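Okay, so here's the structure we're looking at.
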Protein chains: 2
Amino acid sequence: MTVSENTSAWYQPEPSATLLERRQTDWQLVEIFQHPDYGNQLVIDHDLQISEADFAYNTAMTAPLLAVPECQEVAILGGGDGGVMNELLAAYDRLEKSLGQVTLIDIDGDVIDLCRQYLPRCCGTAFEDPRSEVIVGDAFGWLEQARGLDAVIYDLTMDPVREGISRSEFMQDIFGKIHDSLRPGGVVSLQACGEWQPDRRQLLEELRGNLDERFDAPLEQVVMVPSYGEMWTFLAARKPPA
Amino acid sequence: MTVSENTSAWYQPEPSATLLERRQTDWQLVEIFQHPDYGNQLVIDHDLQISEADFAYNTAMTAPLLAVPECQEVAILGGGDGGVMNELLAAYDRLEKSLGQVTLIDIDGDVIDLCRQYLPRCCGTAFEDPRSEVIVGDAFGWLEQARGLDAVIYDLTMDPVREGISRSEFMQDIFGKIHDSLRPGGVVSLQACGEWQPDRRQLLEELRGNLDERFDAPLEQVVMVPSYGEMWTFLAARKPPA
């Protein structure tokens, strides 16, 4: 028995999902499905992003932040479905901890609009929360001018967004920017890949190498996200304290 | 970088927690602490069980059940803090799925009482929910007469409760009883151990072996539970469909 053996038996086949809306936005093809077991689902360019049943995804992304003292200023890069932001706000509420501001930067305002409309059990009231700021725009550009953050949640893929650079160069650039935006002792938390991604091993090695260059205290989670059809890996690490 | 390297950097030292109550029950020493970052904490015989910040624990235990069609009759063995039961009920509510009954069997009624009083952000309203039944008694005895369950959540340790039998014999007995209590296609979900448990490798091998004997579709999660000070392993598997 290994982690990756036979997990497909756990997952419901997709054909039973019903299409609720399809929209070609300025950036991508966004579809919303209704699944009989997993609630409503966000699919971008035919790639499942999240279902309303997938609290485990949001919990895995936010858990590392709960172990950071005085985690007040947080940025979420991507994450337009609002699930991670909602779980972070809910966690702070449950613990009666104060939070300065969580800023979510996503390129596609249509994703945010559609998730507010169709995935309320994912985004909750996060977009209306007075502690949240939402910026429709380029997360990487925003990150360049950010300083002193307590935490950065990277809820995007590791595929280069610009043409002409390799994934390795892309990662170098991203983790450099994230490092510079954090205060000493601040943390980065990110989703990495599924167990069946063909280049999984190489991607994880590159990610670990990039984190090791600039961060310490690495964490690696392997989590069951109910609707994904495979186990998902999440990483986190800390900018060394001053 | 490995999973187990240096995770201690993430965790707040315990000395800052304040004792709220200490009670020697019929079964064990139960203490409730208030932690400045993790909320209130249940400690049994000087061993931290759960903090109110540890939603990740409850999510990991319940996620496998969300992938089971028609999961209606559920038993939770142990789990007197109510966190797993509350997360299960909340997940079904969010997804508007029907649930027949969840039965929680814990030996120590004082644990349940103290968690209702001091850890409301863990157990929520689970103990008052009309879908929940709580039995203060022997989970193993209860399990012997149970049949046709859709899921069993094992929220106890793997240390033998009876003297004179080995851990290996104990596991054989437990997983046999769990298997017999499940319907074909039903699932078992359990917490296993932390990354720094001295006999971790041997324990996991024994657990996997026991599951492989009677179940299929094994799942293994490694999850950050914020207050634990180490990564935690969770297992799940399925009784083969008829």
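Letters for chains follow the order of the structure tokens (A, B, ...), residue numbers begin at 1 for each chain, and ligand numbers begin at 1 in the order shown.
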Would you please give, as JSON, numbers by chain, all residues of region 6-241 of chain B that DSSP assigns to strand (DSSP E) based on the backbone?
-> {"B": [18, 19, 20, 21, 22, 23, 24, 29, 30, 31, 32, 33, 34, 35, 39, 40, 41, 42, 43, 44, 47, 48, 49, 50, 51, 73, 74, 75, 76, 77, 78, 101, 102, 103, 104, 105, 106, 132, 133, 134, 135, 136, 149, 150, 151, 152, 153, 154, 155, 182, 183, 184, 185, 186, 187, 188, 189, 190, 191, 192, 193, 194, 216, 217, 218, 219, 220, 221, 222, 223, 224, 231, 232, 233, 234, 235, 236, 237, 238]}
So which residues touch Trp142 (chain B) within 12 Å, counting only C-alpha atoms, skipping near sequence neighbours fewer than 3 positions away, as a PyMOL selection string?
-> chain B and resi 75-78+103-107+134-139+145-147+174+177-178+181
Export, as a PDB file, in the first residue's frame, the selected residues with C-alpha atoms.
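For reference, result07.pdb as written:
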```pdb
ATOM      1  CA  ALA B  75     -20.047   5.807  13.718  1.00  0.00           C
ATOM      2  CA  ILE B  76     -17.312   7.769  15.484  1.00  0.00           C
ATOM      3  CA  LEU B  77     -15.284   5.669  17.926  1.00  0.00           C
ATOM      4  CA  GLY B  78     -13.886   7.999  20.565  1.00  0.00           C
ATOM      5  CA  THR B 103     -23.309   7.825  16.514  1.00  0.00           C
ATOM      6  CA  LEU B 104     -20.411   8.851  18.743  1.00  0.00           C
ATOM      7  CA  ILE B 105     -19.250   6.368  21.365  1.00  0.00           C
ATOM      8  CA  ASP B 106     -16.767   7.622  23.962  1.00  0.00           C
ATOM      9  CA  ILE B 107     -15.899   6.008  27.274  1.00  0.00           C
ATOM     10  CA  VAL B 134     -23.975  10.098  21.834  1.00  0.00           C
ATOM     11  CA  ILE B 135     -23.254   6.949  23.793  1.00  0.00           C
ATOM     12  CA  VAL B 136     -21.043   7.079  26.864  1.00  0.00           C
ATOM     13  CA  GLY B 137     -19.603   3.601  26.890  1.00  0.00           C
ATOM     14  CA  ASP B 138     -17.263   1.065  25.349  1.00  0.00           C
ATOM     15  CA  ALA B 139     -16.782   1.772  21.632  1.00  0.00           C
ATOM     16  CA  GLN B 145     -23.186  -5.457  17.414  1.00  0.00           C
ATOM     17  CA  ALA B 146     -23.116  -2.795  14.663  1.00  0.00           C
ATOM     18  CA  ARG B 147     -23.831  -3.850  11.068  1.00  0.00           C
ATOM     19  CA  ILE B 174     -10.197  -3.736  15.861  1.00  0.00           C
ATOM     20  CA  LYS B 177     -14.665  -5.566  14.042  1.00  0.00           C
ATOM     21  CA  ILE B 178     -14.683  -2.415  11.891  1.00  0.00           C
ATOM     22  CA  SER B 181     -19.642  -3.437  10.993  1.00  0.00           C
TER      23      SER B 181
END
```
Where does DSSP see helix (DSSP H, G or I) in region 7-231 of chain A, if you list the residues as a PyMOL selection string?
-> chain A and resi 7-10+14-16+55-66+83-94+109-118+120-123+126-128+139-145+167-181+200-214
If we count only C-alpha atoms, what is near region 50-53 of chain B at a cut-off of 7 Å, once residues fewer than 4 positions away on the same chain are taken out, given as a PDB file with all heavy atoms, in the first residue's frame?
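Written file, around_39.pdb:
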```pdb
ATOM      1  N   LEU A  95     -11.265  31.868  16.257  1.00  0.00           N
ATOM      2  CA  LEU A  95     -10.256  31.995  17.309  1.00  0.00           C
ATOM      3  C   LEU A  95     -10.265  33.382  17.951  1.00  0.00           C
ATOM      4  O   LEU A  95      -9.467  33.661  18.844  1.00  0.00           O
ATOM      5  CB  LEU A  95      -8.867  31.694  16.735  1.00  0.00           C
ATOM      6  CG  LEU A  95      -8.691  30.247  16.271  1.00  0.00           C
ATOM      7  CD1 LEU A  95      -7.408  30.084  15.476  1.00  0.00           C
ATOM      8  CD2 LEU A  95      -8.697  29.306  17.471  1.00  0.00           C
TER       9      LEU A  95
ATOM     10  N   TYR B  38      -3.883  29.260  19.770  1.00  0.00           N
ATOM     11  CA  TYR B  38      -4.623  28.103  19.260  1.00  0.00           C
ATOM     12  C   TYR B  38      -5.988  27.912  19.906  1.00  0.00           C
ATOM     13  O   TYR B  38      -6.641  26.902  19.679  1.00  0.00           O
ATOM     14  CB  TYR B  38      -3.789  26.830  19.442  1.00  0.00           C
ATOM     15  CG  TYR B  38      -2.454  26.871  18.733  1.00  0.00           C
ATOM     16  CD1 TYR B  38      -1.288  26.461  19.361  1.00  0.00           C
ATOM     17  CD2 TYR B  38      -2.373  27.325  17.417  1.00  0.00           C
ATOM     18  CE1 TYR B  38      -0.066  26.499  18.703  1.00  0.00           C
ATOM     19  CE2 TYR B  38      -1.157  27.371  16.757  1.00  0.00           C
ATOM     20  CZ  TYR B  38      -0.008  26.959  17.409  1.00  0.00           C
ATOM     21  OH  TYR B  38       1.196  27.003  16.756  1.00  0.00           O
ATOM     22  N   GLY B  39      -6.427  28.849  20.717  1.00  0.00           N
ATOM     23  CA  GLY B  39      -7.719  28.685  21.388  1.00  0.00           C
ATOM     24  C   GLY B  39      -7.610  27.709  22.547  1.00  0.00           C
ATOM     25  O   GLY B  39      -6.511  27.412  23.030  1.00  0.00           O
ATOM     26  N   ASN B  40      -8.744  27.193  22.986  1.00  0.00           N
ATOM     27  CA  ASN B  40      -8.728  26.264  24.115  1.00  0.00           C
ATOM     28  C   ASN B  40      -8.291  24.875  23.663  1.00  0.00           C
ATOM     29  O   ASN B  40      -8.476  24.495  22.510  1.00  0.00           O
ATOM     30  CB  ASN B  40     -10.101  26.222  24.784  1.00  0.00           C
ATOM     31  CG  ASN B  40     -10.372  27.511  25.563  1.00  0.00           C
ATOM     32  OD1 ASN B  40      -9.469  28.339  25.737  1.00  0.00           O
ATOM     33  ND2 ASN B  40     -11.595  27.691  26.018  1.00  0.00           N
ATOM     34  N   GLN B  41      -7.696  24.152  24.620  1.00  0.00           N
ATOM     35  CA  GLN B  41      -7.058  22.875  24.292  1.00  0.00           C
ATOM     36  C   GLN B  41      -7.497  21.786  25.258  1.00  0.00           C
ATOM     37  O   GLN B  41      -7.569  22.013  26.462  1.00  0.00           O
ATOM     38  CB  GLN B  41      -5.535  23.017  24.399  1.00  0.00           C
ATOM     39  CG  GLN B  41      -4.959  24.135  23.553  1.00  0.00           C
ATOM     40  CD  GLN B  41      -3.444  24.216  23.646  1.00  0.00           C
ATOM     41  OE1 GLN B  41      -2.907  24.459  24.718  1.00  0.00           O
ATOM     42  NE2 GLN B  41      -2.773  24.008  22.525  1.00  0.00           N
ATOM     43  N   LEU B  42      -7.740  20.596  24.698  1.00  0.00           N
ATOM     44  CA  LEU B  42      -8.043  19.415  25.506  1.00  0.00           C
ATOM     45  C   LEU B  42      -6.773  18.582  25.652  1.00  0.00           C
ATOM     46  O   LEU B  42      -6.152  18.196  24.654  1.00  0.00           O
ATOM     47  CB  LEU B  42      -9.133  18.582  24.821  1.00  0.00           C
ATOM     48  CG  LEU B  42      -9.410  17.192  25.411  1.00  0.00           C
ATOM     49  CD1 LEU B  42     -10.012  17.295  26.815  1.00  0.00           C
ATOM     50  CD2 LEU B  42     -10.321  16.382  24.484  1.00  0.00           C
ATOM     51  N   LEU B 119     -14.628  23.998  24.819  1.00  0.00           N
ATOM     52  CA  LEU B 119     -14.173  23.998  23.420  1.00  0.00           C
ATOM     53  C   LEU B 119     -15.345  24.127  22.442  1.00  0.00           C
ATOM     54  O   LEU B 119     -15.496  23.337  21.510  1.00  0.00           O
ATOM     55  CB  LEU B 119     -13.377  22.712  23.097  1.00  0.00           C
ATOM     56  CG  LEU B 119     -11.883  22.711  23.457  1.00  0.00           C
ATOM     57  CD1 LEU B 119     -11.670  22.503  24.942  1.00  0.00           C
ATOM     58  CD2 LEU B 119     -11.115  21.674  22.661  1.00  0.00           C
ATOM     59  N   ARG B 121     -15.782  26.061  20.047  1.00  0.00           N
ATOM     60  CA  ARG B 121     -15.387  26.309  18.656  1.00  0.00           C
ATOM     61  C   ARG B 121     -14.831  25.041  18.017  1.00  0.00           C
ATOM     62  O   ARG B 121     -14.481  25.023  16.857  1.00  0.00           O
ATOM     63  CB  ARG B 121     -14.384  27.457  18.602  1.00  0.00           C
ATOM     64  CG  ARG B 121     -15.062  28.769  19.013  1.00  0.00           C
ATOM     65  CD  ARG B 121     -14.084  29.877  19.246  1.00  0.00           C
ATOM     66  NE  ARG B 121     -13.231  29.623  20.399  1.00  0.00           N
ATOM     67  CZ  ARG B 121     -12.451  30.534  20.966  1.00  0.00           C
ATOM     68  NH1 ARG B 121     -12.418  31.760  20.478  1.00  0.00           N
ATOM     69  NH2 ARG B 121     -11.700  30.234  21.998  1.00  0.00           N
ATOM     70  N   CYS B 122     -14.730  23.985  18.812  1.00  0.00           N
ATOM     71  CA  CYS B 122     -14.369  22.671  18.276  1.00  0.00           C
ATOM     72  C   CYS B 122     -15.634  21.839  18.053  1.00  0.00           C
ATOM     73  O   CYS B 122     -15.894  21.380  16.952  1.00  0.00           O
ATOM     74  CB  CYS B 122     -13.422  21.972  19.250  1.00  0.00           C
ATOM     75  SG  CYS B 122     -12.917  20.326  18.739  1.00  0.00           S
ATOM     76  N   PRO B 226      -2.442  22.630  13.275  1.00  0.00           N
ATOM     77  CA  PRO B 226      -1.680  23.794  13.751  1.00  0.00           C
ATOM     78  C   PRO B 226      -1.040  23.675  15.132  1.00  0.00           C
ATOM     79  O   PRO B 226       0.103  24.067  15.313  1.00  0.00           O
ATOM     80  CB  PRO B 226      -2.721  24.923  13.703  1.00  0.00           C
ATOM     81  CG  PRO B 226      -3.588  24.550  12.546  1.00  0.00           C
ATOM     82  CD  PRO B 226      -3.699  23.051  12.612  1.00  0.00           C
ATOM     83  N   SER B 227      -1.736  23.111  16.121  1.00  0.00           N
ATOM     84  CA  SER B 227      -1.176  23.156  17.479  1.00  0.00           C
ATOM     85  C   SER B 227      -0.319  21.948  17.836  1.00  0.00           C
ATOM     86  O   SER B 227       0.197  21.872  18.950  1.00  0.00           O
ATOM     87  CB  SER B 227      -2.305  23.284  18.507  1.00  0.00           C
ATOM     88  OG  SER B 227      -2.895  22.028  18.767  1.00  0.00           O
TER      89      SER B 227
END
```
Considering only C-alpha atoms, return as a ChimeraX atom specification whatever protein or nucleic-acid residues lie within 9 Å of Thr59 (chain B), sequence-local ones (same chain, fewer than 3 positions apart) excluded.
-> /A:55-56,59 /B:55-56,62-63,84,87-88
Those residues you just picked out, can you put them in a file as a PDB file, in the first residue's frame with all heavy atoms?
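Contents of result-v1.pdb, as written:
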```
ATOM      1  N   PHE A  55     -13.411  21.735   1.335  1.00  0.00           N
ATOM      2  CA  PHE A  55     -12.902  22.537   2.463  1.00  0.00           C
ATOM      3  C   PHE A  55     -11.461  22.170   2.763  1.00  0.00           C
ATOM      4  O   PHE A  55     -10.689  22.991   3.253  1.00  0.00           O
ATOM      5  CB  PHE A  55     -13.720  22.300   3.729  1.00  0.00           C
ATOM      6  CG  PHE A  55     -15.159  21.969   3.476  1.00  0.00           C
ATOM      7  CD1 PHE A  55     -15.702  20.782   3.925  1.00  0.00           C
ATOM      8  CD2 PHE A  55     -15.973  22.840   2.761  1.00  0.00           C
ATOM      9  CE1 PHE A  55     -17.018  20.461   3.672  1.00  0.00           C
ATOM     10  CE2 PHE A  55     -17.294  22.526   2.503  1.00  0.00           C
ATOM     11  CZ  PHE A  55     -17.819  21.331   2.959  1.00  0.00           C
ATOM     12  N   ALA A  56     -11.103  20.914   2.506  1.00  0.00           N
ATOM     13  CA  ALA A  56      -9.761  20.437   2.845  1.00  0.00           C
ATOM     14  C   ALA A  56      -8.690  21.252   2.111  1.00  0.00           C
ATOM     15  O   ALA A  56      -7.597  21.469   2.641  1.00  0.00           O
ATOM     16  CB  ALA A  56      -9.627  18.957   2.506  1.00  0.00           C
ATOM     17  N   THR A  59      -8.385  24.536   4.054  1.00  0.00           N
ATOM     18  CA  THR A  59      -7.771  24.293   5.359  1.00  0.00           C
ATOM     19  C   THR A  59      -6.268  24.070   5.215  1.00  0.00           C
ATOM     20  O   THR A  59      -5.475  24.596   6.001  1.00  0.00           O
ATOM     21  CB  THR A  59      -8.413  23.053   6.017  1.00  0.00           C
ATOM     22  OG1 THR A  59      -9.827  23.220   6.040  1.00  0.00           O
ATOM     23  CG2 THR A  59      -7.916  22.877   7.433  1.00  0.00           C
TER      24      THR A  59
ATOM     25  N   PHE B  55      -8.884  22.810  12.989  1.00  0.00           N
ATOM     26  CA  PHE B  55      -9.916  22.367  12.036  1.00  0.00           C
ATOM     27  C   PHE B  55      -9.341  21.340  11.074  1.00  0.00           C
ATOM     28  O   PHE B  55     -10.054  20.484  10.569  1.00  0.00           O
ATOM     29  CB  PHE B  55     -10.453  23.539  11.206  1.00  0.00           C
ATOM     30  CG  PHE B  55     -10.431  24.847  11.918  1.00  0.00           C
ATOM     31  CD1 PHE B  55      -9.721  25.918  11.417  1.00  0.00           C
ATOM     32  CD2 PHE B  55     -11.113  25.006  13.118  1.00  0.00           C
ATOM     33  CE1 PHE B  55      -9.683  27.124  12.084  1.00  0.00           C
ATOM     34  CE2 PHE B  55     -11.083  26.213  13.793  1.00  0.00           C
ATOM     35  CZ  PHE B  55     -10.360  27.276  13.273  1.00  0.00           C
ATOM     36  N   ALA B  56      -8.045  21.459  10.791  1.00  0.00           N
ATOM     37  CA  ALA B  56      -7.412  20.572   9.813  1.00  0.00           C
ATOM     38  C   ALA B  56      -7.533  19.107  10.232  1.00  0.00           C
ATOM     39  O   ALA B  56      -7.646  18.221   9.387  1.00  0.00           O
ATOM     40  CB  ALA B  56      -5.945  20.954   9.630  1.00  0.00           C
ATOM     41  N   THR B  62     -12.762  13.656   8.063  1.00  0.00           N
ATOM     42  CA  THR B  62     -14.074  13.568   7.411  1.00  0.00           C
ATOM     43  C   THR B  62     -14.001  13.596   5.887  1.00  0.00           C
ATOM     44  O   THR B  62     -14.931  13.124   5.226  1.00  0.00           O
ATOM     45  CB  THR B  62     -14.992  14.719   7.881  1.00  0.00           C
ATOM     46  OG1 THR B  62     -14.315  15.963   7.705  1.00  0.00           O
ATOM     47  CG2 THR B  62     -15.359  14.561   9.340  1.00  0.00           C
ATOM     48  N   ALA B  63     -12.913  14.133   5.302  1.00  0.00           N
ATOM     49  CA  ALA B  63     -12.832  14.269   3.838  1.00  0.00           C
ATOM     50  C   ALA B  63     -13.120  12.956   3.101  1.00  0.00           C
ATOM     51  O   ALA B  63     -13.860  12.957   2.113  1.00  0.00           O
ATOM     52  CB  ALA B  63     -11.477  14.839   3.422  1.00  0.00           C
ATOM     53  N   VAL B  84     -14.725  16.186  15.252  1.00  0.00           N
ATOM     54  CA  VAL B  84     -14.937  15.433  14.012  1.00  0.00           C
ATOM     55  C   VAL B  84     -16.431  15.356  13.701  1.00  0.00           C
ATOM     56  O   VAL B  84     -16.858  15.573  12.567  1.00  0.00           O
ATOM     57  CB  VAL B  84     -14.323  14.021  14.128  1.00  0.00           C
ATOM     58  CG1 VAL B  84     -14.759  13.141  12.976  1.00  0.00           C
ATOM     59  CG2 VAL B  84     -12.798  14.114  14.183  1.00  0.00           C
ATOM     60  N   GLU B  87     -17.626  18.720  12.357  1.00  0.00           N
ATOM     61  CA  GLU B  87     -17.197  18.986  10.984  1.00  0.00           C
ATOM     62  C   GLU B  87     -17.999  18.138   9.995  1.00  0.00           C
ATOM     63  O   GLU B  87     -18.371  18.608   8.918  1.00  0.00           O
ATOM     64  CB  GLU B  87     -15.702  18.724  10.825  1.00  0.00           C
ATOM     65  CG  GLU B  87     -15.161  18.867   9.411  1.00  0.00           C
ATOM     66  CD  GLU B  87     -15.477  20.207   8.752  1.00  0.00           C
ATOM     67  OE1 GLU B  87     -15.604  21.215   9.475  1.00  0.00           O
ATOM     68  OE2 GLU B  87     -15.623  20.245   7.517  1.00  0.00           O
ATOM     69  N   LEU B  88     -18.289  16.890  10.368  1.00  0.00           N
ATOM     70  CA  LEU B  88     -19.087  16.034   9.485  1.00  0.00           C
ATOM     71  C   LEU B  88     -20.482  16.614   9.282  1.00  0.00           C
ATOM     72  O   LEU B  88     -20.973  16.731   8.150  1.00  0.00           O
ATOM     73  CB  LEU B  88     -19.175  14.625  10.076  1.00  0.00           C
ATOM     74  CG  LEU B  88     -19.917  13.606   9.215  1.00  0.00           C
ATOM     75  CD1 LEU B  88     -19.123  13.274   7.957  1.00  0.00           C
ATOM     76  CD2 LEU B  88     -20.211  12.326   9.998  1.00  0.00           C
TER      77      LEU B  88
END
```
All residues 12 Å or closer to Leu207 (chain B), only C-alpha atoms, same chain fewer than 3 positions away omitted, as a PyMOL selection string = (chain A and resi 1) or (chain B and resi 157-158+167-172+174-175+189-193+200-204+210-215+218-220+233-237)
Please save N, CA and C atoms of the selected residues as a short mmCIF file (atom, residue, chain, number, x, y, z; two decimals), in the first residue's frame.
```cif
data_model
loop_
_atom_site.label_atom_id
_atom_site.label_comp_id
_atom_site.auth_asym_id
_atom_site.auth_seq_id
_atom_site.Cartn_x
_atom_site.Cartn_y
_atom_site.Cartn_z
N MET A 1 0.84 -1.20 0.00
CA MET A 1 0.00 0.00 0.00
C MET A 1 0.87 1.24 0.00
N THR B 157 -6.62 5.92 20.01
CA THR B 157 -5.22 5.55 19.74
C THR B 157 -5.14 4.08 19.36
N MET B 158 -3.96 3.69 18.91
CA MET B 158 -3.70 2.29 18.56
C MET B 158 -3.06 1.53 19.73
N ARG B 167 -0.02 -4.89 20.59
CA ARG B 167 -0.63 -3.91 19.70
C ARG B 167 -1.07 -4.58 18.40
N SER B 168 -0.27 -5.53 17.96
CA SER B 168 -0.60 -6.23 16.73
C SER B 168 -1.92 -7.00 16.86
N GLU B 169 -2.07 -7.71 17.98
CA GLU B 169 -3.33 -8.44 18.21
C GLU B 169 -4.50 -7.46 18.34
N PHE B 170 -4.23 -6.34 19.01
CA PHE B 170 -5.26 -5.31 19.19
C PHE B 170 -5.76 -4.81 17.84
N MET B 171 -4.81 -4.50 16.96
CA MET B 171 -5.19 -3.99 15.63
C MET B 171 -5.98 -5.02 14.85
N GLN B 172 -5.52 -6.27 14.87
CA GLN B 172 -6.24 -7.35 14.18
C GLN B 172 -7.69 -7.38 14.62
N ILE B 174 -9.46 -4.97 16.19
CA ILE B 174 -10.20 -3.74 15.86
C ILE B 174 -10.60 -3.70 14.39
N PHE B 175 -9.64 -3.96 13.51
CA PHE B 175 -9.97 -3.83 12.08
C PHE B 175 -10.90 -4.94 11.62
N SER B 189 -11.98 5.58 8.39
CA SER B 189 -11.07 6.74 8.39
C SER B 189 -10.48 6.84 9.78
N LEU B 190 -9.16 7.02 9.87
CA LEU B 190 -8.54 7.03 11.19
C LEU B 190 -7.33 7.94 11.26
N GLN B 191 -7.05 8.40 12.47
CA GLN B 191 -5.81 9.12 12.72
C GLN B 191 -4.77 8.08 13.12
N ALA B 192 -3.53 8.28 12.67
CA ALA B 192 -2.52 7.25 12.91
C ALA B 192 -1.47 7.71 13.91
N CYS B 193 -0.65 8.67 13.55
CA CYS B 193 0.45 9.06 14.42
C CYS B 193 1.12 10.32 13.91
N ARG B 200 7.10 5.22 14.71
CA ARG B 200 6.19 5.63 13.64
C ARG B 200 6.23 4.68 12.45
N ARG B 201 7.42 4.35 11.99
CA ARG B 201 7.53 3.53 10.78
C ARG B 201 6.88 2.16 10.99
N GLN B 202 7.17 1.56 12.14
CA GLN B 202 6.61 0.23 12.41
C GLN B 202 5.10 0.29 12.57
N LEU B 203 4.62 1.33 13.27
CA LEU B 203 3.18 1.48 13.46
C LEU B 203 2.47 1.61 12.12
N LEU B 204 3.02 2.47 11.24
CA LEU B 204 2.37 2.67 9.94
C LEU B 204 2.40 1.40 9.11
N ASN B 210 -2.66 -4.26 8.13
CA ASN B 210 -4.00 -4.61 8.60
C ASN B 210 -5.08 -4.13 7.65
N LEU B 211 -4.92 -2.92 7.13
CA LEU B 211 -5.92 -2.41 6.18
C LEU B 211 -5.89 -3.23 4.90
N ASP B 212 -4.68 -3.53 4.42
CA ASP B 212 -4.57 -4.29 3.17
C ASP B 212 -5.24 -5.66 3.25
N GLU B 213 -5.24 -6.24 4.45
CA GLU B 213 -5.83 -7.58 4.61
C GLU B 213 -7.32 -7.60 4.30
N ARG B 214 -8.00 -6.52 4.68
CA ARG B 214 -9.46 -6.55 4.62
C ARG B 214 -10.09 -5.46 3.77
N PHE B 215 -9.31 -4.41 3.43
CA PHE B 215 -9.89 -3.25 2.75
C PHE B 215 -9.16 -3.00 1.43
N PRO B 218 -6.68 2.23 -0.37
CA PRO B 218 -6.09 2.94 0.76
C PRO B 218 -5.70 4.38 0.41
N LEU B 219 -5.88 5.25 1.38
CA LEU B 219 -5.50 6.66 1.27
C LEU B 219 -4.61 7.01 2.44
N GLU B 220 -3.61 7.84 2.21
CA GLU B 220 -2.75 8.25 3.32
C GLU B 220 -2.51 9.75 3.22
N THR B 233 -0.29 11.92 10.45
CA THR B 233 -0.70 11.01 9.38
C THR B 233 -2.11 10.46 9.64
N PHE B 234 -2.92 10.46 8.60
CA PHE B 234 -4.28 9.93 8.63
C PHE B 234 -4.42 8.87 7.54
N LEU B 235 -5.13 7.81 7.84
CA LEU B 235 -5.36 6.75 6.85
C LEU B 235 -6.86 6.58 6.61
N ALA B 236 -7.18 6.07 5.46
CA ALA B 236 -8.55 5.67 5.18
C ALA B 236 -8.52 4.53 4.17
N ALA B 237 -9.57 3.74 4.16
CA ALA B 237 -9.66 2.63 3.21
C ALA B 237 -11.12 2.21 3.09
#
```
By how many Å are CA of Leu65 (chain B) and CA of Ile153 (chain B) apart?
->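 These two atoms are separated by 9.1 Å.
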Which one is closest to Gly194 (chain B): B:Asn58, B:Ser16, B:Gln221, B:Gln34? Count only C-alpha atoms.
->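 Closest residue, counting only C-alpha atoms: B:Gln221.
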Residue nearest chain B - candidates A:Met224, A:Met85, A:Ile112, A:Ile44, atoms counted: only C-alpha atoms =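 Using only C-alpha atoms, chain B sits closest to A:Met224.
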Using only C-alpha atoms, pick whichever of B:Glu21, B:Glu128, B:Asp37, B:Asp93 has the shortest atom-to-atom distance to Arg116 (chain B).
->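 Among the listed residues, B:Glu128 lies closest to Arg116 (chain B).
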Quick one: everything within 9 Å of Leu29 (chain A), counting only C-alpha atoms, minus sequence neighbours fewer than 6 positions away in the same chain. Send it as a PyMOL selection string.
-> chain A and resi 22-23+43-46
